[in-house]
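Asks: As input, take data-v6.tsv (TSV, C-alpha atoms):
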```tsv
chain	number	residue	atom	x	y	z
A	1	MET	CA	0.94	-1.13	18.22
A	2	ALA	CA	3.24	-4.12	17.82
A	3	ASP	CA	1.65	-7.54	17.61
A	4	ASN	CA	2.48	-10.40	19.97
A	5	SER	CA	5.32	-11.69	17.83
A	6	GLY	CA	6.72	-8.26	16.99
A	7	ILE	CA	6.89	-6.74	20.48
A	8	MET	CA	10.13	-8.59	21.23
A	9	ASP	CA	11.86	-7.28	18.12
A	10	VAL	CA	10.69	-3.73	18.83
A	11	LEU	CA	11.96	-3.80	22.41
A	12	LYS	CA	15.29	-5.28	21.32
A	13	GLU	CA	15.84	-2.16	19.23
A	14	GLY	CA	16.46	-0.26	22.46
A	15	VAL	CA	13.41	1.98	22.36
A	16	THR	CA	12.22	3.66	25.54
A	17	VAL	CA	9.31	1.92	27.22
A	18	ALA	CA	7.20	3.02	30.17
A	19	TYR	CA	6.29	0.18	32.51
A	20	TYR	CA	3.56	1.33	34.86
A	21	ASP	CA	1.28	0.19	37.65
A	22	LEU	CA	-1.68	1.70	39.49
A	23	GLU	CA	-2.80	0.86	42.98
A	24	PHE	CA	-6.50	1.35	43.52
A	25	CYS	CA	-9.16	1.12	46.19
A	26	ASN	CA	-12.79	0.13	45.94
A	27	GLU	CA	-15.28	2.99	46.30
A	28	ARG	CA	-17.85	2.15	48.96
A	29	THR	CA	-20.99	3.48	47.24
A	30	THR	CA	-20.49	2.55	43.58
A	31	HIS	CA	-18.02	-0.32	44.17
A	32	HIS	CA	-15.91	1.09	41.35
A	33	ASN	CA	-12.13	1.23	41.69
A	34	VAL	CA	-10.41	4.55	42.34
A	35	PRO	CA	-6.64	5.07	41.82
A	36	VAL	CA	-4.64	5.93	44.94
A	37	ALA	CA	-1.07	5.68	43.62
A	38	ILE	CA	0.84	5.34	40.36
A	39	GLY	CA	4.37	4.27	39.52
A	40	VAL	CA	6.12	4.47	36.15
A	41	SER	CA	9.56	3.15	35.25
A	42	TYR	CA	10.98	4.50	31.99
A	43	ARG	CA	13.47	2.02	30.58
A	44	LYS	CA	15.76	1.92	27.58
A	45	GLY	CA	18.08	-0.89	26.62
A	46	GLY	CA	17.44	-2.79	29.85
A	47	ARG	CA	18.16	0.12	32.20
A	48	GLU	CA	15.96	2.66	33.91
A	49	VAL	CA	16.37	6.18	32.55
A	50	GLY	CA	13.71	7.82	34.70
A	51	SER	CA	10.79	7.21	37.01
A	52	LEU	CA	7.61	8.74	38.34
A	53	HIS	CA	5.78	7.89	41.54
A	54	THR	CA	3.04	9.69	43.40
A	55	LEU	CA	0.08	9.20	45.68
A	56	ILE	CA	-3.27	10.21	44.20
A	57	TRP	CA	-6.23	11.89	45.83
A	58	CYS	CA	-9.24	11.94	43.50
A	59	GLY	CA	-11.37	14.07	45.82
A	60	ASN	CA	-13.88	13.89	48.63
A	61	GLU	CA	-16.66	12.82	46.28
A	62	TYR	CA	-15.24	9.29	46.41
A	63	GLU	CA	-15.88	7.37	49.62
A	64	LEU	CA	-12.97	4.94	49.70
A	65	TRP	CA	-13.57	1.60	51.33
A	66	GLU	CA	-11.41	1.98	54.44
A	67	GLU	CA	-10.87	-1.74	55.06
A	68	HIS	CA	-9.60	-2.21	51.50
A	69	LEU	CA	-7.38	0.86	51.77
A	70	LEU	CA	-5.76	-0.35	54.98
A	71	ARG	CA	-5.32	-3.84	53.58
A	72	ILE	CA	-3.14	-2.51	50.77
A	73	GLY	CA	-1.14	-0.31	53.14
A	74	TYR	CA	-2.62	3.15	52.54
A	75	GLU	CA	-4.43	5.64	54.76
A	76	GLU	CA	-7.06	8.13	53.67
A	77	LYS	CA	-5.57	10.96	55.76
A	78	LYS	CA	-2.19	10.51	54.09
A	79	LEU	CA	-3.78	10.40	50.66
A	80	GLN	CA	-5.63	13.64	51.42
A	81	ARG	CA	-2.45	15.28	52.69
A	82	TYR	CA	0.15	13.99	50.24
A	83	GLY	CA	-1.84	12.75	47.28
A	84	LYS	CA	-1.93	14.85	44.12
A	85	PRO	CA	-5.21	15.60	42.35
A	86	MET	CA	-5.61	13.77	39.06
A	87	GLU	CA	-5.17	16.96	37.04
A	88	GLU	CA	-1.70	17.42	38.56
A	89	VAL	CA	-0.86	13.75	38.06
A	90	THR	CA	-1.89	14.15	34.42
A	91	GLY	CA	0.48	17.08	34.07
A	92	ASP	CA	3.35	15.05	35.54
A	93	LEU	CA	2.65	12.12	33.21
A	94	PHE	CA	2.56	14.30	30.10
A	95	ALA	CA	5.74	16.12	31.13
A	96	ALA	CA	7.50	12.76	31.58
A	97	HIS	CA	6.06	11.55	28.27
A	98	GLU	CA	7.55	14.53	26.50
A	99	LYS	CA	10.89	14.05	28.26
A	100	TYR	CA	11.35	10.30	27.68
A	101	SER	CA	9.16	9.71	24.58
A	102	PRO	CA	8.25	6.10	25.44
A	103	ARG	CA	7.18	3.92	22.53
A	104	PHE	CA	4.86	1.82	24.68
A	105	TYR	CA	3.12	1.93	28.05
A	106	ILE	CA	3.15	-1.63	29.38
A	107	SER	CA	1.16	-2.95	32.34
A	108	LEU	CA	0.32	-6.40	33.64
A	109	GLY	CA	-3.34	-6.70	32.67
A	110	ARG	CA	-5.77	-4.25	31.08
A	111	GLN	CA	-7.27	-2.94	34.31
A	112	ASP	CA	-4.47	-0.41	34.85
A	113	GLU	CA	-4.90	1.00	31.36
A	114	GLU	CA	-8.68	1.23	31.68
A	115	LEU	CA	-8.47	2.90	35.09
A	116	LEU	CA	-5.85	5.39	33.94
A	117	LYS	CA	-7.89	6.37	30.89
A	118	ARG	CA	-11.01	6.74	33.02
A	119	PHE	CA	-9.49	9.16	35.52
A	120	ILE	CA	-6.81	11.06	33.62
A	121	THR	CA	-7.87	14.57	32.54
A	122	ARG	CA	-6.39	14.57	29.01
A	123	SER	CA	-6.79	12.27	26.03
A	124	LEU	CA	-4.36	9.37	25.72
A	125	ASP	CA	-5.35	8.47	22.16
A	126	GLU	CA	-1.82	9.00	20.86
A	127	TRP	CA	-0.18	6.79	23.49
A	128	ASP	CA	0.41	3.13	22.67
A	129	PHE	CA	-0.65	0.75	25.45
A	130	TYR	CA	0.34	-2.88	25.63
A	131	ASP	CA	-0.86	-5.60	27.98
A	132	ALA	CA	1.98	-7.84	29.17
A	133	VAL	CA	-0.51	-10.70	29.42
A	134	ARG	CA	-0.58	-10.74	25.60
A	135	PHE	CA	3.13	-11.59	25.55
A	136	LEU	CA	4.54	-13.16	28.69
A	137	PRO	CA	2.47	-16.38	29.05
A	138	GLY	CA	2.98	-17.33	25.41
A	139	ARG	CA	6.66	-16.48	25.46
A	140	LEU	CA	7.13	-18.64	28.57
A	141	SER	CA	4.88	-21.43	27.24
A	142	LEU	CA	2.47	-21.01	30.14
A	143	LYS	CA	-1.22	-21.83	29.82
A	144	TYR	CA	-2.20	-19.31	32.49
A	145	ASP	CA	-1.64	-15.70	33.40
A	146	ILE	CA	0.37	-15.80	36.61
A	147	SER	CA	1.14	-13.20	39.25
A	148	LEU	CA	3.99	-10.69	38.98
A	149	GLU	CA	5.67	-12.41	41.92
A	150	ARG	CA	5.73	-15.73	40.05
A	151	TYR	CA	7.04	-14.08	36.89
A	152	ALA	CA	9.81	-12.55	38.99
A	153	TYR	CA	10.55	-15.95	40.56
A	154	ILE	CA	10.91	-17.57	37.13
A	155	CYS	CA	13.32	-14.82	36.10
A	156	GLY	CA	15.38	-14.97	39.31
A	157	ILE	CA	14.32	-11.51	40.46
A	158	PRO	CA	13.93	-11.00	44.24
A	159	PHE	CA	10.48	-9.43	44.57
A	160	THR	CA	7.56	-9.37	46.98
A	161	HIS	CA	4.37	-7.59	46.02
A	162	LYS	CA	3.66	-4.91	48.64
A	163	PHE	CA	1.23	-2.69	46.73
A	164	ARG	CA	3.97	-0.21	45.84
A	165	PRO	CA	3.36	0.70	42.20
A	166	LEU	CA	6.86	1.89	41.32
A	167	ASP	CA	8.34	-1.34	42.69
A	168	ASP	CA	5.81	-3.30	40.62
A	169	ALA	CA	6.55	-1.26	37.49
A	170	ARG	CA	10.29	-1.76	37.90
A	171	CYS	CA	9.83	-5.48	38.45
A	172	LEU	CA	7.70	-5.79	35.32
A	173	GLY	CA	10.41	-4.02	33.34
A	174	GLU	CA	13.04	-6.42	34.67
A	175	VAL	CA	10.83	-9.39	33.84
A	176	PHE	CA	10.39	-8.20	30.25
A	177	ASP	CA	14.10	-7.60	29.86
A	178	ARG	CA	15.02	-11.07	31.10
A	179	VAL	CA	12.32	-12.85	29.13
A	180	ILE	CA	13.30	-11.06	25.94
A	181	ASN	CA	16.95	-11.93	26.46
A	182	GLY	CA	16.27	-15.54	27.43
A	183	SER	CA	17.32	-15.18	31.08
A	184	VAL	CA	14.67	-17.51	32.42
A	185	ILE	CA	15.22	-20.30	34.95
A	186	GLU	CA	13.60	-23.29	33.27
A	187	VAL	CA	13.36	-25.38	36.45
A	188	ARG	CA	11.40	-22.59	38.10
A	189	ARG	CA	9.22	-22.11	35.03
A	190	LYS	CA	8.23	-25.79	35.17
A	191	GLU	CA	7.65	-25.52	38.91
A	192	VAL	CA	5.28	-22.57	38.49
A	193	GLU	CA	3.53	-24.29	35.58
A	194	ALA	CA	2.89	-27.36	37.76
A	195	GLU	CA	1.73	-25.13	40.62
A	196	TYR	CA	-0.88	-23.44	38.42
A	197	ASP	CA	-1.92	-26.75	36.83
A	198	LYS	CA	-2.65	-27.99	40.33
A	199	LYS	CA	-4.62	-24.86	41.26
A	200	MET	CA	-6.69	-25.02	38.09
A	201	PHE	CA	-7.44	-28.72	38.55
A	202	VAL	CA	-8.58	-28.22	42.16
A	203	SER	CA	-10.78	-25.30	41.07
A	204	GLN	CA	-12.27	-27.35	38.22
A	205	TYR	CA	-12.94	-30.31	40.52
A	206	LYS	CA	-14.73	-28.10	43.05
A	207	ASN	CA	-16.85	-26.50	40.34
A	208	LYS	CA	-17.94	-29.88	38.98
A	209	ARG	CA	-18.67	-31.11	42.49
A	210	GLN	CA	-20.83	-28.08	43.16
A	211	ALA	CA	-22.73	-28.63	39.90
A	212	TYR	CA	-23.18	-32.31	40.73
A	213	GLU	CA	-24.51	-31.56	44.19
A	214	TYR	CA	-26.94	-29.02	42.77
A	215	LEU	CA	-28.36	-31.53	40.28
A	216	LEU	CA	-28.43	-34.24	42.93
A	217	GLY	CA	-30.62	-32.03	45.10
A	218	LEU	CA	-33.28	-31.46	42.46
A	219	GLU	CA	-36.57	-33.37	42.86
A	220	SER	CA	-36.68	-34.30	39.19
A	221	LEU	CA	-34.23	-34.14	36.31
A	222	THR	CA	-34.60	-33.74	32.59
A	223	PRO	CA	-32.80	-36.33	30.46
A	224	GLY	CA	-30.13	-33.74	29.71
A	225	GLN	CA	-29.65	-32.92	33.39
A	226	ARG	CA	-29.42	-36.60	34.29
A	227	GLU	CA	-26.76	-37.12	31.63
A	228	LYS	CA	-24.77	-34.19	32.99
A	229	MET	CA	-25.10	-35.45	36.56
A	230	LEU	CA	-23.83	-38.90	35.62
A	231	GLY	CA	-20.93	-37.29	33.75
A	232	TYR	CA	-20.03	-35.20	36.80
A	233	GLU	CA	-20.30	-38.28	39.02
A	234	ALA	CA	-17.92	-40.27	36.81
A	235	TYR	CA	-15.45	-37.38	36.69
A	236	LEU	CA	-15.50	-36.88	40.46
A	237	LYS	CA	-14.95	-40.57	41.15
A	238	GLY	CA	-12.22	-40.88	38.56
A	239	LYS	CA	-10.33	-37.81	39.76
A	240	ARG	CA	-10.91	-38.21	43.49
A	241	GLU	CA	-7.44	-39.59	44.30
A	242	LYS	CA	-5.72	-36.88	42.29
A	243	TYR	CA	-7.84	-34.24	44.04
A	244	LEU	CA	-6.87	-35.56	47.48
A	245	ALA	CA	-3.23	-35.70	46.45
A	246	CYS	CA	-3.48	-32.02	45.48
A	247	GLY	CA	-4.65	-31.16	48.99
A	248	GLY	CA	-8.37	-31.19	48.32
A	249	ASP	CA	-10.83	-31.78	51.15
```
As a first step, turn the structure in this file into structure tokens.

Replies:
Amino acid sequence: MADNSGIMDVLKEGVTVAYYDLEFCNERTTHHNVPVAIGVSYRKGGREVGSLHTLIWCGNEYELWEEHLLRIGYEEKKLQRYGKPMEEVTGDLFAAHEKYSPRFYISLGRQDEELLKRFITRSLDEWDFYDAVRFLPGRLSLKYDISLERYAYICGIPFTHKFRPLDDARCLGEVFDRVINGSVIEVRRKEVEAEYDKKMFVSQYKNKRQAYEYLLGLESLTPGQREKMLGYEAYLKGKREKYLACGGD
């Protein structure tokens, strides 16, 4: 596995990489996620050399949360009819792995990797997985992990997330290619950075306000609690105008 600094050099060598994405639905009884679709884009030297996309049906033992499923644009009847069982999906993935020999499997976040390893029916110990979050924020000098849509925006890639895993995988591959080659729109990068700074500040302000209100409602306070409450109070007063300017209530 390449480290954060070495991944760029490895990809510049023109090796084949599999960018992948899983769509998943919450299971009603256990509240665990269950995969319902997978998309993989095999890329080499900045171009796609192959792809894989399929619906997944993991079986009747999983009671998918219907509201969640509909919200992401899938229907249980279609999954039952057109979705492949995980054993068949595993076979397709290993056949593609043998055909394209990808050096890495890259996803945006670890959840896709963890879910794939949990449901696939063969060991993936020999496959190298890489989380794009380990590379992209640092490479773009961003303090936060942002959405795939915002990464695409920074790179000038037209993209709207519609819970279609192959589209997401292809977009992630394009993002990596442009970031590695320096094709980033700096004005947009700064715009997204400011957008997330604002979101994080508003979230922080609300959290401190909630903590302050909790302490304020207690009948008695320890010296430590009183010190915290006064600190929250000073912060809230000092940042109130900025909070309102950011659209706070």

Asks: Contacts of Glu213 in chain A at 9 Å or less, counting all atoms listed in the file, minus same-chain residues fewer than 5 places along, as a compact mmCIF listing (two decimals) with C-alpha atoms, in the frame of the given file?

Replies:
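To be explicit, this is the file written out as around01.txt:
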```txt
# COMPACT_ATOMS: atom_id res chain seq x y z
CA LYS A 208 -17.94 -29.88 38.98
CA LEU A 218 -33.28 -31.46 42.46
CA MET A 229 -25.10 -35.45 36.56
```

Asks: Smallest atom-to-atom distance to Thr54 in chain A: which of A:Phe176, A:Tyr243, A:Tyr82, A:Tyr130, using only C-alpha atoms?

Replies: A:Tyr82

Asks: Work out how far apart CA of Lys198 in chain A and CA of Lys143 in chain A are and give it in Å to one decimal.

Replies: 12.3 Å

Asks: Ranking A:Gly45, A:Pro165, A:Gly247, A:Gly224 by minimum distance to Ser203 in chain A and counting only C-alpha atoms, which one comes first?

Replies: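 Checking each of A:Gly45, A:Pro165, A:Gly247, A:Gly224 against Ser203 in chain A, counting only C-alpha atoms, the winner is A:Gly247.
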
Asks: Can you list, as a VMD selection string, every protein, DNA or RNA residue that comes within 12 Å of Arg47 in chain A when you count only C-alpha atoms, leaving out same-chain residues fewer than 2 positions away?

Replies: chain A and resid 14 to 19 41 to 45 49 to 51 170 to 171 173 to 174 176 to 178

Asks: Can you work out the spacing between CA of Ser123 in chain A and CA of Leu93 in chain A in Å, to one decimal?

Replies: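 For CA of Ser123 in chain A relative to CA of Leu93 in chain A, the distance reads 11.9 Å.
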
Asks: So which residues touch Asp92 in chain A within 9 Å, counting all atoms listed in the file, skipping near sequence neighbours fewer than 5 positions away, as a ChimeraX atom specification?

Replies: /A:52,87,97

Asks: How many Å separate CA of Leu108 in chain A from CA of Leu79 in chain A?

Replies: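 Value for the CA of Leu108 in chain A-CA of Leu79 in chain A distance: 24.3 Å.
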
Asks: Using the partial input, fill out range 60-85 of chain A with N, CA and C atoms; write the result as a short mmCIF file (atom, residue, chain, number, x, y, z; two decimals), in the frame of the given file.

Replies:
```cif
data_model
loop_
_atom_site.label_atom_id
_atom_site.label_comp_id
_atom_site.auth_asym_id
_atom_site.auth_seq_id
_atom_site.Cartn_x
_atom_site.Cartn_y
_atom_site.Cartn_z
N ASN A 60 -12.97 14.33 47.57
CA ASN A 60 -13.88 13.89 48.63
C ASN A 60 -15.16 13.26 48.11
N GLU A 61 -15.43 13.41 46.81
CA GLU A 61 -16.66 12.82 46.28
C GLU A 61 -16.60 11.30 46.23
N TYR A 62 -15.40 10.74 46.39
CA TYR A 62 -15.24 9.29 46.41
C TYR A 62 -15.08 8.82 47.86
N GLU A 63 -15.95 7.93 48.27
CA GLU A 63 -15.88 7.37 49.62
C GLU A 63 -15.11 6.05 49.55
N LEU A 64 -13.82 6.13 49.81
CA LEU A 64 -12.97 4.94 49.70
C LEU A 64 -13.32 3.93 50.78
N TRP A 65 -13.28 2.68 50.40
CA TRP A 65 -13.57 1.60 51.33
C TRP A 65 -12.36 1.46 52.27
N GLU A 66 -12.52 1.88 53.50
CA GLU A 66 -11.41 1.98 54.44
C GLU A 66 -10.70 0.65 54.68
N GLU A 67 -11.48 -0.43 54.80
CA GLU A 67 -10.87 -1.74 55.06
C GLU A 67 -9.95 -2.15 53.90
N HIS A 68 -10.42 -1.90 52.68
CA HIS A 68 -9.60 -2.21 51.50
C HIS A 68 -8.35 -1.36 51.49
N LEU A 69 -8.51 -0.08 51.78
CA LEU A 69 -7.38 0.86 51.77
C LEU A 69 -6.31 0.43 52.76
N LEU A 70 -6.72 0.08 53.97
CA LEU A 70 -5.76 -0.35 54.98
C LEU A 70 -5.10 -1.66 54.61
N ARG A 71 -5.85 -2.54 53.96
CA ARG A 71 -5.32 -3.84 53.58
C ARG A 71 -4.17 -3.71 52.58
N ILE A 72 -4.21 -2.70 51.75
CA ILE A 72 -3.14 -2.51 50.77
C ILE A 72 -2.09 -1.51 51.26
N GLY A 73 -2.20 -1.10 52.53
CA GLY A 73 -1.14 -0.31 53.14
C GLY A 73 -1.24 1.19 52.95
N TYR A 74 -2.44 1.71 52.72
CA TYR A 74 -2.62 3.15 52.54
C TYR A 74 -3.60 3.69 53.58
N GLU A 75 -3.52 5.00 53.82
CA GLU A 75 -4.43 5.64 54.76
C GLU A 75 -5.06 6.86 54.10
N GLU A 76 -6.36 7.03 54.33
CA GLU A 76 -7.06 8.13 53.67
C GLU A 76 -6.49 9.49 54.06
N LYS A 77 -6.12 9.67 55.32
CA LYS A 77 -5.57 10.96 55.76
C LYS A 77 -4.28 11.29 55.02
N LYS A 78 -3.44 10.27 54.81
CA LYS A 78 -2.19 10.51 54.09
C LYS A 78 -2.44 10.79 52.62
N LEU A 79 -3.44 10.12 52.05
CA LEU A 79 -3.78 10.40 50.66
C LEU A 79 -4.29 11.83 50.51
N GLN A 80 -5.11 12.27 51.46
CA GLN A 80 -5.63 13.64 51.42
C GLN A 80 -4.50 14.66 51.57
N ARG A 81 -3.52 14.32 52.40
CA ARG A 81 -2.45 15.28 52.69
C ARG A 81 -1.37 15.28 51.61
N TYR A 82 -0.98 14.08 51.16
CA TYR A 82 0.15 13.99 50.24
C TYR A 82 -0.23 13.63 48.81
N GLY A 83 -1.44 13.16 48.62
CA GLY A 83 -1.84 12.75 47.28
C GLY A 83 -2.09 13.94 46.35
N LYS A 84 -1.71 13.80 45.11
CA LYS A 84 -1.93 14.85 44.12
C LYS A 84 -3.29 14.65 43.46
N PRO A 85 -3.97 15.75 43.12
CA PRO A 85 -5.21 15.60 42.35
C PRO A 85 -4.89 15.06 40.96
#
```
